[in-house]
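What follows is the content of entry-v3.tsv, which has TSV, C-alpha atoms and all ligand atoms:
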chain	number	residue	atom	x	y	z
A	179	MET	CA	0.00	0.00	0.00
A	180	ALA	CA	1.35	3.44	-0.92
A	181	ALA	CA	0.10	6.77	0.40
A	182	THR	CA	0.76	9.96	-1.58
A	183	VAL	CA	0.14	13.34	0.01
A	184	LEU	CA	-0.96	15.59	-2.85
A	185	ARG	CA	-1.74	18.75	-0.97
A	186	ALA	CA	-2.67	19.55	2.62
A	187	GLY	CA	-5.71	17.47	3.40
A	188	LEU	CA	-5.51	15.44	0.21
A	189	CYS	CA	-4.00	11.97	0.21
A	190	ARG	CA	-4.28	9.11	-2.26
A	191	PHE	CA	-3.87	5.49	-1.23
A	192	ASP	CA	-2.93	2.87	-3.81
A	193	GLY	CA	-2.65	-0.89	-3.64
A	194	LEU	CA	-5.30	-1.43	-0.97
A	195	PHE	CA	-7.16	-4.01	-3.05
A	196	SER	CA	-6.03	-6.96	-5.16
A	197	ALA	CA	-7.13	-7.24	-8.80
A	198	ASP	CA	-9.65	-9.91	-7.78
A	199	GLU	CA	-11.05	-7.72	-5.04
A	200	GLU	CA	-11.37	-4.81	-7.44
A	201	ALA	CA	-13.20	-7.04	-9.93
A	202	ALA	CA	-15.54	-8.22	-7.16
A	203	LEU	CA	-16.30	-4.62	-6.23
A	204	VAL	CA	-17.08	-3.76	-9.84
A	205	ASP	CA	-19.47	-6.75	-9.91
A	206	PHE	CA	-21.05	-5.54	-6.69
A	207	CYS	CA	-21.60	-2.08	-8.21
A	208	ASP	CA	-23.05	-3.49	-11.43
A	209	GLU	CA	-25.45	-5.69	-9.49
A	210	ALA	CA	-26.55	-2.82	-7.26
A	211	LEU	CA	-27.18	-0.65	-10.32
A	212	GLU	CA	-29.12	-3.42	-12.03
A	213	ARG	CA	-31.25	-3.98	-8.95
A	214	GLY	CA	-31.84	-0.25	-8.73
A	215	ARG	CA	-32.89	0.00	-12.36
A	216	SER	CA	-35.36	-2.83	-11.93
A	217	GLY	CA	-36.89	-1.34	-8.79
A	218	GLN	CA	-35.49	-3.90	-6.37
A	219	LEU	CA	-33.77	-1.49	-4.00
A	220	ARG	CA	-35.43	0.12	-1.00
A	221	GLY	CA	-37.11	3.49	-1.24
A	222	LYS	CA	-35.08	6.06	-3.09
A	223	SER	CA	-31.73	4.26	-3.07
A	224	TYR	CA	-31.47	4.34	-6.85
A	225	GLN	CA	-31.40	7.70	-8.62
A	226	MET	CA	-31.27	8.42	-12.32
A	227	PRO	CA	-30.69	12.03	-13.34
A	228	PRO	CA	-33.26	13.82	-15.51
A	229	ALA	CA	-33.00	13.11	-19.24
A	230	ASP	CA	-31.80	16.65	-20.05
A	231	TRP	CA	-28.95	16.30	-17.55
A	232	MET	CA	-27.97	13.00	-19.11
A	233	ALA	CA	-28.12	14.52	-22.58
A	234	ARG	CA	-25.53	17.15	-21.67
A	235	GLY	CA	-23.39	14.68	-19.80
A	236	GLN	CA	-24.02	16.22	-16.40
A	237	GLY	CA	-25.36	13.11	-14.93
A	238	ARG	CA	-24.56	9.86	-13.35
A	239	GLU	CA	-26.63	7.06	-12.01
A	240	THR	CA	-26.30	6.75	-8.28
A	241	VAL	CA	-27.12	4.22	-5.61
A	242	HIS	CA	-27.31	5.59	-2.09
A	243	PHE	CA	-26.54	3.61	1.02
A	244	GLY	CA	-27.16	5.02	4.49
A	245	VAL	CA	-28.56	8.33	3.34
A	246	LEU	CA	-29.97	9.90	0.19
A	247	VAL	CA	-27.93	12.70	-1.37
A	248	LYS	CA	-29.68	14.55	-4.15
A	249	CYS	CA	-28.34	17.72	-5.76
A	250	ASN	CA	-25.72	17.69	-3.00
A	251	LYS	CA	-28.49	17.84	-0.39
A	252	VAL	CA	-28.75	15.24	2.33
A	253	LEU	CA	-32.32	13.98	2.59
A	254	SER	CA	-34.07	11.75	5.07
A	255	ALA	CA	-35.68	9.42	2.54
A	256	GLU	CA	-35.52	5.68	3.00
A	257	VAL	CA	-32.50	4.03	1.33
A	258	GLU	CA	-30.55	0.78	1.64
A	259	ALA	CA	-28.26	0.28	4.61
A	260	LEU	CA	-24.53	-0.18	3.97
A	261	PRO	CA	-24.19	-3.77	2.69
A	262	GLU	CA	-21.55	-6.26	3.76
A	263	ALA	CA	-19.38	-5.67	0.67
A	264	LEU	CA	-19.03	-2.00	1.56
A	265	LEU	CA	-18.53	-2.67	5.25
A	266	GLN	CA	-15.59	-4.84	4.21
A	267	VAL	CA	-14.16	-1.95	2.21
A	268	LEU	CA	-14.46	0.26	5.27
A	269	ALA	CA	-12.72	-2.36	7.39
A	270	ARG	CA	-9.86	-2.40	4.86
A	271	LEU	CA	-9.59	1.40	4.96
A	272	GLU	CA	-9.48	1.33	8.72
A	273	ALA	CA	-6.93	-1.50	8.86
A	274	ASN	CA	-4.63	0.51	6.60
A	275	GLY	CA	-4.97	3.78	8.48
A	276	VAL	CA	-6.89	5.57	5.73
A	277	LEU	CA	-9.58	6.41	8.29
A	278	THR	CA	-9.69	6.02	12.04
A	279	PRO	CA	-12.53	4.11	13.75
A	280	GLU	CA	-13.94	7.48	14.88
A	281	GLN	CA	-14.03	8.65	11.27
A	282	ARG	CA	-15.76	5.50	10.03
A	283	PRO	CA	-18.29	6.48	7.32
A	284	ASP	CA	-21.92	5.45	7.72
A	285	THR	CA	-22.99	6.30	4.17
A	286	CYS	CA	-21.85	5.55	0.65
A	287	CYS	CA	-22.80	6.93	-2.72
A	288	LEU	CA	-22.14	4.69	-5.70
A	289	ASN	CA	-21.54	6.90	-8.73
A	290	ALA	CA	-21.86	5.35	-12.19
A	291	TYR	CA	-20.51	7.71	-14.82
A	292	HIS	CA	-21.40	6.92	-18.39
A	293	ALA	CA	-18.94	7.64	-21.16
A	294	GLY	CA	-18.71	11.41	-21.54
A	295	SER	CA	-20.31	12.31	-18.24
A	296	TRP	CA	-18.80	14.68	-15.72
A	297	LEU	CA	-19.48	16.16	-12.32
A	298	PRO	CA	-19.60	19.93	-11.84
A	299	PRO	CA	-17.40	21.74	-9.32
A	300	HIS	CA	-18.79	21.38	-5.84
A	301	VAL	CA	-18.04	21.26	-2.15
A	302	ASP	CA	-19.47	18.19	-0.47
A	303	SER	CA	-22.39	18.93	1.81
A	304	GLU	CA	-21.57	20.31	5.24
A	305	ALA	CA	-23.90	17.64	6.57
A	306	PHE	CA	-20.95	15.27	6.18
A	307	ALA	CA	-18.02	15.15	8.55
A	308	ARG	CA	-14.49	15.39	7.21
A	309	PRO	CA	-12.55	13.47	6.02
A	310	PHE	CA	-14.47	11.58	3.37
A	311	CYS	CA	-13.03	9.34	0.70
A	312	THR	CA	-13.67	7.96	-2.76
A	313	LEU	CA	-12.66	4.63	-4.25
A	314	SER	CA	-12.25	4.65	-8.05
A	315	LEU	CA	-13.23	1.60	-10.11
A	316	ARG	CA	-13.59	0.26	-13.66
A	317	SER	CA	-11.50	2.92	-15.42
A	318	ALA	CA	-8.87	5.42	-14.36
A	319	HIS	CA	-9.61	9.11	-14.55
A	320	HIS	CA	-8.65	12.29	-12.71
A	321	VAL	CA	-10.27	14.87	-10.49
A	322	LEU	CA	-9.51	18.58	-10.33
A	323	PHE	CA	-9.29	20.54	-7.09
A	324	GLY	CA	-9.22	24.31	-6.92
A	325	GLU	CA	-10.97	27.50	-5.97
A	326	SER	CA	-11.63	28.77	-9.48
A	327	LEU	CA	-13.13	25.81	-11.25
A	328	ASP	CA	-16.23	26.43	-13.26
A	329	ALA	CA	-18.74	24.12	-14.86
A	330	GLY	CA	-18.48	25.70	-18.30
A	331	GLY	CA	-14.93	24.49	-18.59
A	332	GLN	CA	-16.06	20.92	-18.17
A	333	GLN	CA	-17.70	20.68	-21.55
A	334	PRO	CA	-15.80	18.51	-24.03
A	335	ASN	CA	-13.67	20.66	-26.27
A	336	PRO	CA	-11.62	18.43	-28.55
A	337	SER	CA	-9.94	21.37	-30.22
A	338	ALA	CA	-8.46	22.75	-27.00
A	339	ALA	CA	-4.71	23.08	-27.14
A	340	VAL	CA	-2.61	21.08	-24.75
A	341	GLU	CA	-0.81	23.58	-22.63
A	342	GLY	CA	0.70	23.09	-19.27
A	343	GLY	CA	0.47	19.32	-19.36
A	344	GLU	CA	-0.92	18.01	-16.12
A	345	GLY	CA	-0.93	21.54	-14.83
A	346	GLY	CA	-0.94	22.74	-11.26
A	347	GLU	CA	0.97	21.07	-8.56
A	348	GLY	CA	1.01	17.35	-8.05
A	349	GLY	CA	0.70	16.41	-11.72
A	350	GLU	CA	2.25	13.11	-11.02
A	351	GLY	CA	0.77	11.05	-13.80
A	352	GLY	CA	-0.60	8.25	-11.66
A	353	GLU	CA	-0.25	4.86	-13.28
A	354	GLY	CA	1.86	6.12	-16.13
A	355	GLY	CA	-0.76	8.81	-16.62
A	356	GLU	CA	-3.32	6.19	-17.51
A	357	GLY	CA	-6.27	8.17	-16.31
A	358	ALA	CA	-5.51	11.13	-18.48
A	359	THR	CA	-3.81	9.75	-21.49
A	360	ALA	CA	-4.15	6.02	-22.11
A	361	ASP	CA	-6.99	6.32	-24.58
A	362	GLY	CA	-5.93	9.57	-26.12
A	363	VAL	CA	-7.91	11.72	-23.72
A	364	ALA	CA	-5.12	13.86	-22.43
A	365	ASN	CA	-6.18	16.68	-20.17
A	366	GLY	CA	-5.83	19.06	-23.06
A	367	HIS	CA	-8.47	17.25	-25.06
A	368	PHE	CA	-11.09	18.79	-22.88
A	369	GLY	CA	-11.85	22.32	-21.81
A	370	SER	CA	-10.57	21.39	-18.38
A	371	VAL	CA	-7.05	22.15	-19.61
A	372	LYS	CA	-7.61	25.83	-18.99
A	373	HIS	CA	-8.24	25.06	-15.35
A	374	GLY	CA	-5.24	22.80	-15.30
A	375	ALA	CA	-3.12	25.77	-16.30
A	376	ARG	CA	-4.33	27.83	-13.36
A	377	PRO	CA	-1.83	27.84	-10.57
A	378	ASP	CA	-4.31	26.84	-7.90
A	379	THR	CA	-5.75	23.89	-9.81
A	380	LEU	CA	-4.57	20.46	-8.84
A	381	HIS	CA	-5.00	17.49	-11.18
A	382	VAL	CA	-5.20	14.30	-9.23
A	383	PRO	CA	-4.97	11.08	-11.25
A	384	LEU	CA	-7.32	8.41	-9.98
A	385	PRO	CA	-6.07	4.94	-10.93
A	386	THR	CA	-8.56	2.13	-10.46
A	387	GLY	CA	-8.51	0.76	-6.95
A	388	SER	CA	-7.14	4.02	-5.55
A	389	VAL	CA	-8.77	5.75	-2.61
A	390	LEU	CA	-8.65	9.53	-2.34
A	391	ARG	CA	-9.07	10.92	1.18
A	392	VAL	CA	-10.30	14.52	1.27
A	393	ASP	CA	-9.89	16.53	4.43
A	394	GLY	CA	-9.12	20.01	5.73
A	395	ALA	CA	-8.96	22.89	3.26
A	396	ALA	CA	-9.22	20.47	0.32
A	397	ALA	CA	-12.75	19.60	1.51
A	398	GLY	CA	-14.00	23.19	1.25
A	399	PRO	CA	-15.50	25.63	1.72
A	400	GLN	CA	-13.26	27.53	-0.74
A	401	CYS	CA	-11.72	24.58	-2.51
A	402	LYS	CA	-14.04	22.69	-4.86
A	403	HIS	CA	-13.55	19.55	-6.86
A	404	THR	CA	-14.86	18.43	-10.20
A	405	ILE	CA	-14.74	15.35	-12.42
A	406	PRO	CA	-14.07	16.33	-16.06
A	407	PRO	CA	-15.74	14.46	-18.93
A	408	HIS	CA	-14.35	11.02	-19.48
A	409	PRO	CA	-14.87	8.91	-22.59
A	410	ARG	CA	-15.18	5.65	-20.73
A	411	ALA	CA	-17.57	4.39	-18.11
A	412	ARG	CA	-16.30	4.82	-14.57
A	413	LEU	CA	-17.52	3.84	-11.13
A	414	SER	CA	-16.73	5.44	-7.83
A	415	LEU	CA	-17.75	4.82	-4.24
A	416	THR	CA	-17.82	7.92	-2.04
A	417	PHE	CA	-17.84	7.08	1.67
A	418	ARG	CA	-18.91	9.79	4.08
A	419	ARG	CA	-19.91	10.04	7.71
A	420	LEU	CA	-22.94	12.06	8.67
A	421	GLY	CA	-22.13	14.78	11.17
A	422	ASP	CA	-23.51	13.96	14.63
A	423	ALA	CA	-25.97	16.86	14.68
A	424	VAL	CA	-27.32	15.93	11.26
A	425	ARG	CA	-27.68	12.27	12.18
A	426	GLU	CA	-29.67	13.19	15.30
A	427	ARG	CA	-31.79	15.65	13.40
A	428	HIS	CA	-32.62	13.10	10.71
A	429	ALA	CA	-33.51	10.47	13.33
A	430	ALA	CA	-35.82	12.97	15.03
A	431	LEU	CA	-37.40	13.87	11.69
A	432	ARG	CA	-38.06	10.25	10.86
A	433	ALA	CA	-39.55	9.59	14.28
A	434	GLU	CA	-41.78	12.64	13.92
A	435	ALA	CA	-42.83	11.59	10.43
A	436	GLU	CA	-43.63	8.10	11.70
A	437	ARG	CA	-45.83	9.52	14.45
A	438	THR	CA	-47.63	11.72	11.93
A	439	LEU	CA	-48.16	8.81	9.57
A	440	ARG	CA	-49.55	6.62	12.34
A	441	ALA	CA	-51.95	9.38	13.38
A	442	ARG	CA	-53.06	9.86	9.78
A	443	ILE	CA	-53.73	6.14	9.33
A	444	SER	CA	-55.61	6.08	12.60
A	445	ARG	CA	-57.83	9.01	11.58
A	446	LYS	CA	-58.59	7.41	8.21
A	447	ARG	CA	-59.54	4.09	9.72
A	448	GLU	CA	-61.68	5.68	12.35
A	449	ALA	CA	-63.50	7.72	9.74
A	450	LYS	CA	-64.05	4.63	7.64
A	451	ALA	CA	-65.27	2.64	10.60
A	452	ALA	CA	-67.64	5.44	11.57
A	453	ARG	CA	-69.08	5.47	8.06
A	454	ARG	CA	-69.73	1.75	8.30
A	455	LYS	CA	-71.07	2.20	11.78
A	456	THR	CA	-68.77	-0.55	12.97
A	457	PRO	CA	-66.18	-0.27	15.75
A	458	ALA	CA	-62.87	1.17	14.59
A	459	VAL	CA	-60.10	-1.33	14.15
A	460	ARG	CA	-57.31	-0.25	16.38
A	461	VAL	CA	-54.50	1.42	14.45
A	462	SER	CA	-51.85	-0.59	16.25
A	463	HIS	CA	-53.34	-3.74	14.74
A	464	HIS	CA	-53.25	-2.19	11.28
A	465	LEU	CA	-49.67	-1.09	11.69
A	466	ASN	CA	-48.69	-4.55	12.80
A	467	LEU	CA	-49.97	-5.83	9.50
A	468	MET	CA	-47.87	-3.37	7.50
A	469	ASN	CA	-44.42	-4.55	6.75
A	470	GLY	CA	-41.51	-2.25	7.47
A	471	LEU	CA	-41.06	-1.29	3.87
A	472	ASP	CA	-44.68	-0.15	3.48
A	473	LEU	CA	-44.25	2.04	6.48
A	474	MET	CA	-40.99	3.51	5.25
A	475	ASN	CA	-42.40	4.13	1.79
A	476	GLY	CA	-45.30	5.90	3.44
A	477	LEU	CA	-42.84	8.01	5.33
A	478	ASP	CA	-40.96	8.90	2.22
A	479	ARG	CA	-44.09	10.15	0.56
A	480	MET	CA	-44.54	12.71	3.26
A	481	ASN	CA	-43.51	16.09	1.94
A	482	GLY	CA	-41.97	17.56	5.05
A	483	LEU	CA	-39.48	14.76	5.30
A	484	GLU	CA	-37.77	15.19	1.99
A	485	SER	CA	-37.48	18.91	2.27
A	486	SER	CA	-35.37	18.46	5.36
A	487	SER	CA	-31.94	19.01	3.91
A	488	ILE	CA	-28.81	20.71	4.94
A	489	GLU	CA	-26.63	21.97	2.20
A	490	THR	CA	-23.93	24.23	1.00
A	491	GLU	CA	-24.11	24.22	-2.77
A	492	ALA	CA	-26.82	22.45	-4.71
A	493	ARG	CA	-24.81	21.33	-7.68
A	494	PRO	CA	-24.23	17.72	-8.81
A	501	LIG	O1	-16.39	10.23	-8.58
A	501	LIG	C1	-15.58	10.80	-7.88
A	501	LIG	O2	-14.39	10.50	-7.87
A	501	LIG	C2	-15.99	11.98	-7.01
A	501	LIG	C3	-17.41	11.92	-6.55
A	501	LIG	C4	-17.82	13.14	-5.80
A	501	LIG	O3	-17.19	14.15	-5.83
A	501	LIG	C5	-19.03	13.11	-5.02
A	501	LIG	O4	-19.72	12.06	-4.96
A	501	LIG	O5	-19.34	14.15	-4.40

Could you write out this file's structure as structure tokens?
Amino acid sequence: MAATVLRAGLCRFDGLFSADEEAALVDFCDEALERGRSGQLRGKSYQMPPADWMARGQGRETVHFGVLVKCNKVLSAEVEALPEALLQVLARLEANGVLTPEQRPDTCCLNAYHAGSWLPPHVDSEAFARPFCTLSLRSAHHVLFGESLDAGGQQPNPSAAVEGGEGGEGGEGGEGGEGATADGVANGHFGSVKHGARPDTLHVPLPTGSVLRVDGAAAGPQCKHTIPPHPRARLSLTFRRLGDAVRERHAALRAEAERTLRARISRKREAKAARRKTPAVRVSHHLNLMNGLDLMNGLDRMNGLESSSIETEARP
């Protein structure tokens, strides 16, 4: 395992997973996506961006574990818990000192980038504690960090001149520069090259199997990060820990929503029973008959719940 400090707060870890383990993680991601597409995942775990976002490449399919993140907002909707495969990844990160037990993430966002898609500059929600980290899979790419990134520069621009090479500090080339150059997609083949030339922009190659830990100033609020367009499909797993206050607030919101839902069901049944002039069936009996998923789906339909978000920038 090798750790490379790229800038204060930014460290990349390589060699944490064997080739077989990487392949198994890719399979896990593909299966999760397939289950999401076919409606087999809980609640709102699976998210597909709107068609117009997809058309302009600003989109990625996502599967959310632990918490739903939509437009960089943390929402209280029902999603899948962290599965065993991801808990094992976290155990590996911990065993190798990437994260301490106290920093252990309780959420993960699986990002599935299609060929050509990109992620606009953003600062991860303040609802998440720092550090957080991202594991790159399927194909190598790079991420840009800086204070003056802008989304316009992320549009593919094949005619852009290659100036400044990797640009910025830390242009180390990763696995022989695979992420940026192996298939002819050097940084300069996209508009992102102009950001690469800016002194404050850092290009960080992301070889497959690498884990990038983001902390301190690199995690915002001034410094943003962005994924430029990439011609090949890529997967990433972003692990983050909800801040304590946010976790408590979300638990309270869900409890409140559950109480409201129970009261609503009770009122409906009583009204129905009154219309039939028969004794009301006790709501507790009805709720016992509902399985957990019905109840959670009911909760998710409640408006107040989903509007409960904490955010900095609503971007990706
Ligand atoms: O795909 C990546 O490497 C970065 C993902 C990211 O920035 C995010 O999920 O907020």

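Counting from atom CA of A:Gln281, the distance to atom CA of A:Gly324 is 24.5 Å.
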
Practice item. Would you list the residues that come within 8 Å of ligand LIG 501 (chain A)? Count only C-alpha atoms and all ligand atoms and give the answer as a PyMOL selection string. Key: chain A and resi 250+287-289+291+297+300-302+312-314+320-321+384+403-405+413-416+494

Around stretch 399-415 of chain A, with edges along x, y and z and 3 Å added on all six sides, what centre and edge lengths do you get, in Å to one decimal, as AutoDock Vina command-line options?
--center_x -14.7 --center_y 15.7 --center_z -10.4 --size_x 12.0 --size_y 29.7 --size_z 30.3

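Interatomic distance, atom CA of A:Arg418 against atom CA of A:Leu246: 11.7 Å.
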
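Using all atoms listed in the file, the nearest neighbour of A:Val382 within the list A:Ala411, A:Val257, A:Leu322, A:Ala433 is A:Leu322.
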
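The closest residue to A:Val204, picked from A:Ser303, A:Thr379, A:Thr182, A:Thr386 and counting only C-alpha atoms, is A:Thr386.
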
Atom completion result for stretch 274-308 of chain A (N, CA and C atoms) as a PDB file, keeping the file's coordinate frame:
ATOM      1  N   ASN A 274      -5.802  -0.087   7.235  1.00  0.00           N
ATOM      2  CA  ASN A 274      -4.630   0.510   6.600  1.00  0.00           C
ATOM      3  C   ASN A 274      -4.432   1.976   6.980  1.00  0.00           C
ATOM      4  N   GLY A 275      -5.177   2.432   7.963  1.00  0.00           N
ATOM      5  CA  GLY A 275      -4.970   3.780   8.480  1.00  0.00           C
ATOM      6  C   GLY A 275      -5.488   4.883   7.568  1.00  0.00           C
ATOM      7  N   VAL A 276      -6.321   4.526   6.595  1.00  0.00           N
ATOM      8  CA  VAL A 276      -6.890   5.570   5.730  1.00  0.00           C
ATOM      9  C   VAL A 276      -7.859   6.411   6.553  1.00  0.00           C
ATOM     10  N   LEU A 277      -8.635   5.743   7.389  1.00  0.00           N
ATOM     11  CA  LEU A 277      -9.580   6.410   8.290  1.00  0.00           C
ATOM     12  C   LEU A 277      -9.440   5.784   9.669  1.00  0.00           C
ATOM     13  N   THR A 278      -9.692   6.573  10.689  1.00  0.00           N
ATOM     14  CA  THR A 278      -9.690   6.020  12.040  1.00  0.00           C
ATOM     15  C   THR A 278     -11.081   5.458  12.349  1.00  0.00           C
ATOM     16  N   PRO A 279     -11.201   4.631  13.383  1.00  0.00           N
ATOM     17  CA  PRO A 279     -12.530   4.110  13.750  1.00  0.00           C
ATOM     18  C   PRO A 279     -13.525   5.249  14.014  1.00  0.00           C
ATOM     19  N   GLU A 280     -13.040   6.351  14.590  1.00  0.00           N
ATOM     20  CA  GLU A 280     -13.940   7.480  14.880  1.00  0.00           C
ATOM     21  C   GLU A 280     -14.436   8.154  13.601  1.00  0.00           C
ATOM     22  N   GLN A 281     -13.654   8.012  12.542  1.00  0.00           N
ATOM     23  CA  GLN A 281     -14.030   8.650  11.270  1.00  0.00           C
ATOM     24  C   GLN A 281     -14.831   7.714  10.374  1.00  0.00           C
ATOM     25  N   ARG A 282     -15.129   6.539  10.851  1.00  0.00           N
ATOM     26  CA  ARG A 282     -15.760   5.500  10.030  1.00  0.00           C
ATOM     27  C   ARG A 282     -17.039   6.021   9.361  1.00  0.00           C
ATOM     28  N   PRO A 283     -17.098   5.994   8.031  1.00  0.00           N
ATOM     29  CA  PRO A 283     -18.290   6.480   7.320  1.00  0.00           C
ATOM     30  C   PRO A 283     -19.514   5.594   7.589  1.00  0.00           C
ATOM     31  N   ASP A 284     -20.677   6.211   7.572  1.00  0.00           N
ATOM     32  CA  ASP A 284     -21.920   5.450   7.720  1.00  0.00           C
ATOM     33  C   ASP A 284     -22.803   5.593   6.473  1.00  0.00           C
ATOM     34  N   THR A 285     -22.240   6.179   5.426  1.00  0.00           N
ATOM     35  CA  THR A 285     -22.990   6.300   4.170  1.00  0.00           C
ATOM     36  C   THR A 285     -22.048   6.046   2.999  1.00  0.00           C
ATOM     37  N   CYS A 286     -22.650   5.694   1.879  1.00  0.00           N
ATOM     38  CA  CYS A 286     -21.850   5.550   0.650  1.00  0.00           C
ATOM     39  C   CYS A 286     -22.713   5.923  -0.548  1.00  0.00           C
ATOM     40  N   CYS A 287     -22.118   6.633  -1.460  1.00  0.00           N
ATOM     41  CA  CYS A 287     -22.800   6.930  -2.720  1.00  0.00           C
ATOM     42  C   CYS A 287     -22.029   6.244  -3.851  1.00  0.00           C
ATOM     43  N   LEU A 288     -22.727   5.345  -4.518  1.00  0.00           N
ATOM     44  CA  LEU A 288     -22.140   4.690  -5.700  1.00  0.00           C
ATOM     45  C   LEU A 288     -22.448   5.564  -6.909  1.00  0.00           C
ATOM     46  N   ASN A 289     -21.394   6.064  -7.536  1.00  0.00           N
ATOM     47  CA  ASN A 289     -21.540   6.900  -8.730  1.00  0.00           C
ATOM     48  C   ASN A 289     -21.214   6.077  -9.964  1.00  0.00           C
ATOM     49  N   ALA A 290     -22.129   6.055 -10.919  1.00  0.00           N
ATOM     50  CA  ALA A 290     -21.860   5.350 -12.190  1.00  0.00           C
ATOM     51  C   ALA A 290     -21.850   6.388 -13.301  1.00  0.00           C
ATOM     52  N   TYR A 291     -20.661   6.727 -13.738  1.00  0.00           N
ATOM     53  CA  TYR A 291     -20.510   7.710 -14.820  1.00  0.00           C
ATOM     54  C   TYR A 291     -20.570   6.977 -16.149  1.00  0.00           C
ATOM     55  N   HIS A 292     -21.369   7.489 -17.043  1.00  0.00           N
ATOM     56  CA  HIS A 292     -21.400   6.920 -18.390  1.00  0.00           C
ATOM     57  C   HIS A 292     -20.313   7.610 -19.205  1.00  0.00           C
ATOM     58  N   ALA A 293     -19.961   7.020 -20.316  1.00  0.00           N
ATOM     59  CA  ALA A 293     -18.940   7.640 -21.160  1.00  0.00           C
ATOM     60  C   ALA A 293     -19.357   9.078 -21.456  1.00  0.00           C
ATOM     61  N   GLY A 294     -18.448  10.004 -21.250  1.00  0.00           N
ATOM     62  CA  GLY A 294     -18.710  11.410 -21.540  1.00  0.00           C
ATOM     63  C   GLY A 294     -19.289  12.193 -20.380  1.00  0.00           C
ATOM     64  N   SER A 295     -19.680  11.529 -19.309  1.00  0.00           N
ATOM     65  CA  SER A 295     -20.310  12.310 -18.240  1.00  0.00           C
ATOM     66  C   SER A 295     -19.277  12.902 -17.295  1.00  0.00           C
ATOM     67  N   TRP A 296     -19.696  13.876 -16.553  1.00  0.00           N
ATOM     68  CA  TRP A 296     -18.800  14.680 -15.720  1.00  0.00           C
ATOM     69  C   TRP A 296     -19.579  15.164 -14.508  1.00  0.00           C
ATOM     70  N   LEU A 297     -18.859  15.684 -13.563  1.00  0.00           N
ATOM     71  CA  LEU A 297     -19.480  16.160 -12.320  1.00  0.00           C
ATOM     72  C   LEU A 297     -19.041  17.603 -12.107  1.00  0.00           C
ATOM     73  N   PRO A 298     -19.981  18.520 -11.951  1.00  0.00           N
ATOM     74  CA  PRO A 298     -19.600  19.930 -11.840  1.00  0.00           C
ATOM     75  C   PRO A 298     -18.837  20.232 -10.542  1.00  0.00           C
ATOM     76  N   PRO A 299     -18.145  21.372 -10.520  1.00  0.00           N
ATOM     77  CA  PRO A 299     -17.400  21.740  -9.320  1.00  0.00           C
ATOM     78  C   PRO A 299     -18.345  21.861  -8.125  1.00  0.00           C
ATOM     79  N   HIS A 300     -17.947  21.302  -7.030  1.00  0.00           N
ATOM     80  CA  HIS A 300     -18.790  21.380  -5.840  1.00  0.00           C
ATOM     81  C   HIS A 300     -17.967  21.182  -4.576  1.00  0.00           C
ATOM     82  N   VAL A 301     -18.570  21.562  -3.486  1.00  0.00           N
ATOM     83  CA  VAL A 301     -18.040  21.260  -2.150  1.00  0.00           C
ATOM     84  C   VAL A 301     -19.019  20.276  -1.543  1.00  0.00           C
ATOM     85  N   ASP A 302     -18.535  19.167  -1.039  1.00  0.00           N
ATOM     86  CA  ASP A 302     -19.470  18.190  -0.470  1.00  0.00           C
ATOM     87  C   ASP A 302     -20.243  18.809   0.688  1.00  0.00           C
ATOM     88  N   SER A 303     -21.480  18.369   0.802  1.00  0.00           N
ATOM     89  CA  SER A 303     -22.390  18.930   1.810  1.00  0.00           C
ATOM     90  C   SER A 303     -21.737  19.027   3.184  1.00  0.00           C
ATOM     91  N   GLU A 304     -22.053  20.124   3.863  1.00  0.00           N
ATOM     92  CA  GLU A 304     -21.570  20.310   5.240  1.00  0.00           C
ATOM     93  C   GLU A 304     -22.222  19.330   6.200  1.00  0.00           C
ATOM     94  N   ALA A 305     -23.247  18.644   5.714  1.00  0.00           N
ATOM     95  CA  ALA A 305     -23.900  17.640   6.570  1.00  0.00           C
ATOM     96  C   ALA A 305     -22.948  16.473   6.834  1.00  0.00           C
ATOM     97  N   PHE A 306     -21.898  16.360   6.011  1.00  0.00           N
ATOM     98  CA  PHE A 306     -20.950  15.270   6.180  1.00  0.00           C
ATOM     99  C   PHE A 306     -19.702  15.741   6.931  1.00  0.00           C
ATOM    100  N   ALA A 307     -19.256  14.863   7.836  1.00  0.00           N
ATOM    101  CA  ALA A 307     -18.020  15.150   8.550  1.00  0.00           C
ATOM    102  C   ALA A 307     -16.847  15.019   7.586  1.00  0.00           C
ATOM    103  N   ARG A 308     -15.735  15.560   7.958  1.00  0.00           N
ATOM    104  CA  ARG A 308     -14.490  15.390   7.210  1.00  0.00           C
ATOM    105  C   ARG A 308     -13.591  14.484   8.030  1.00  0.00           C
TER     106      ARG A 308
END
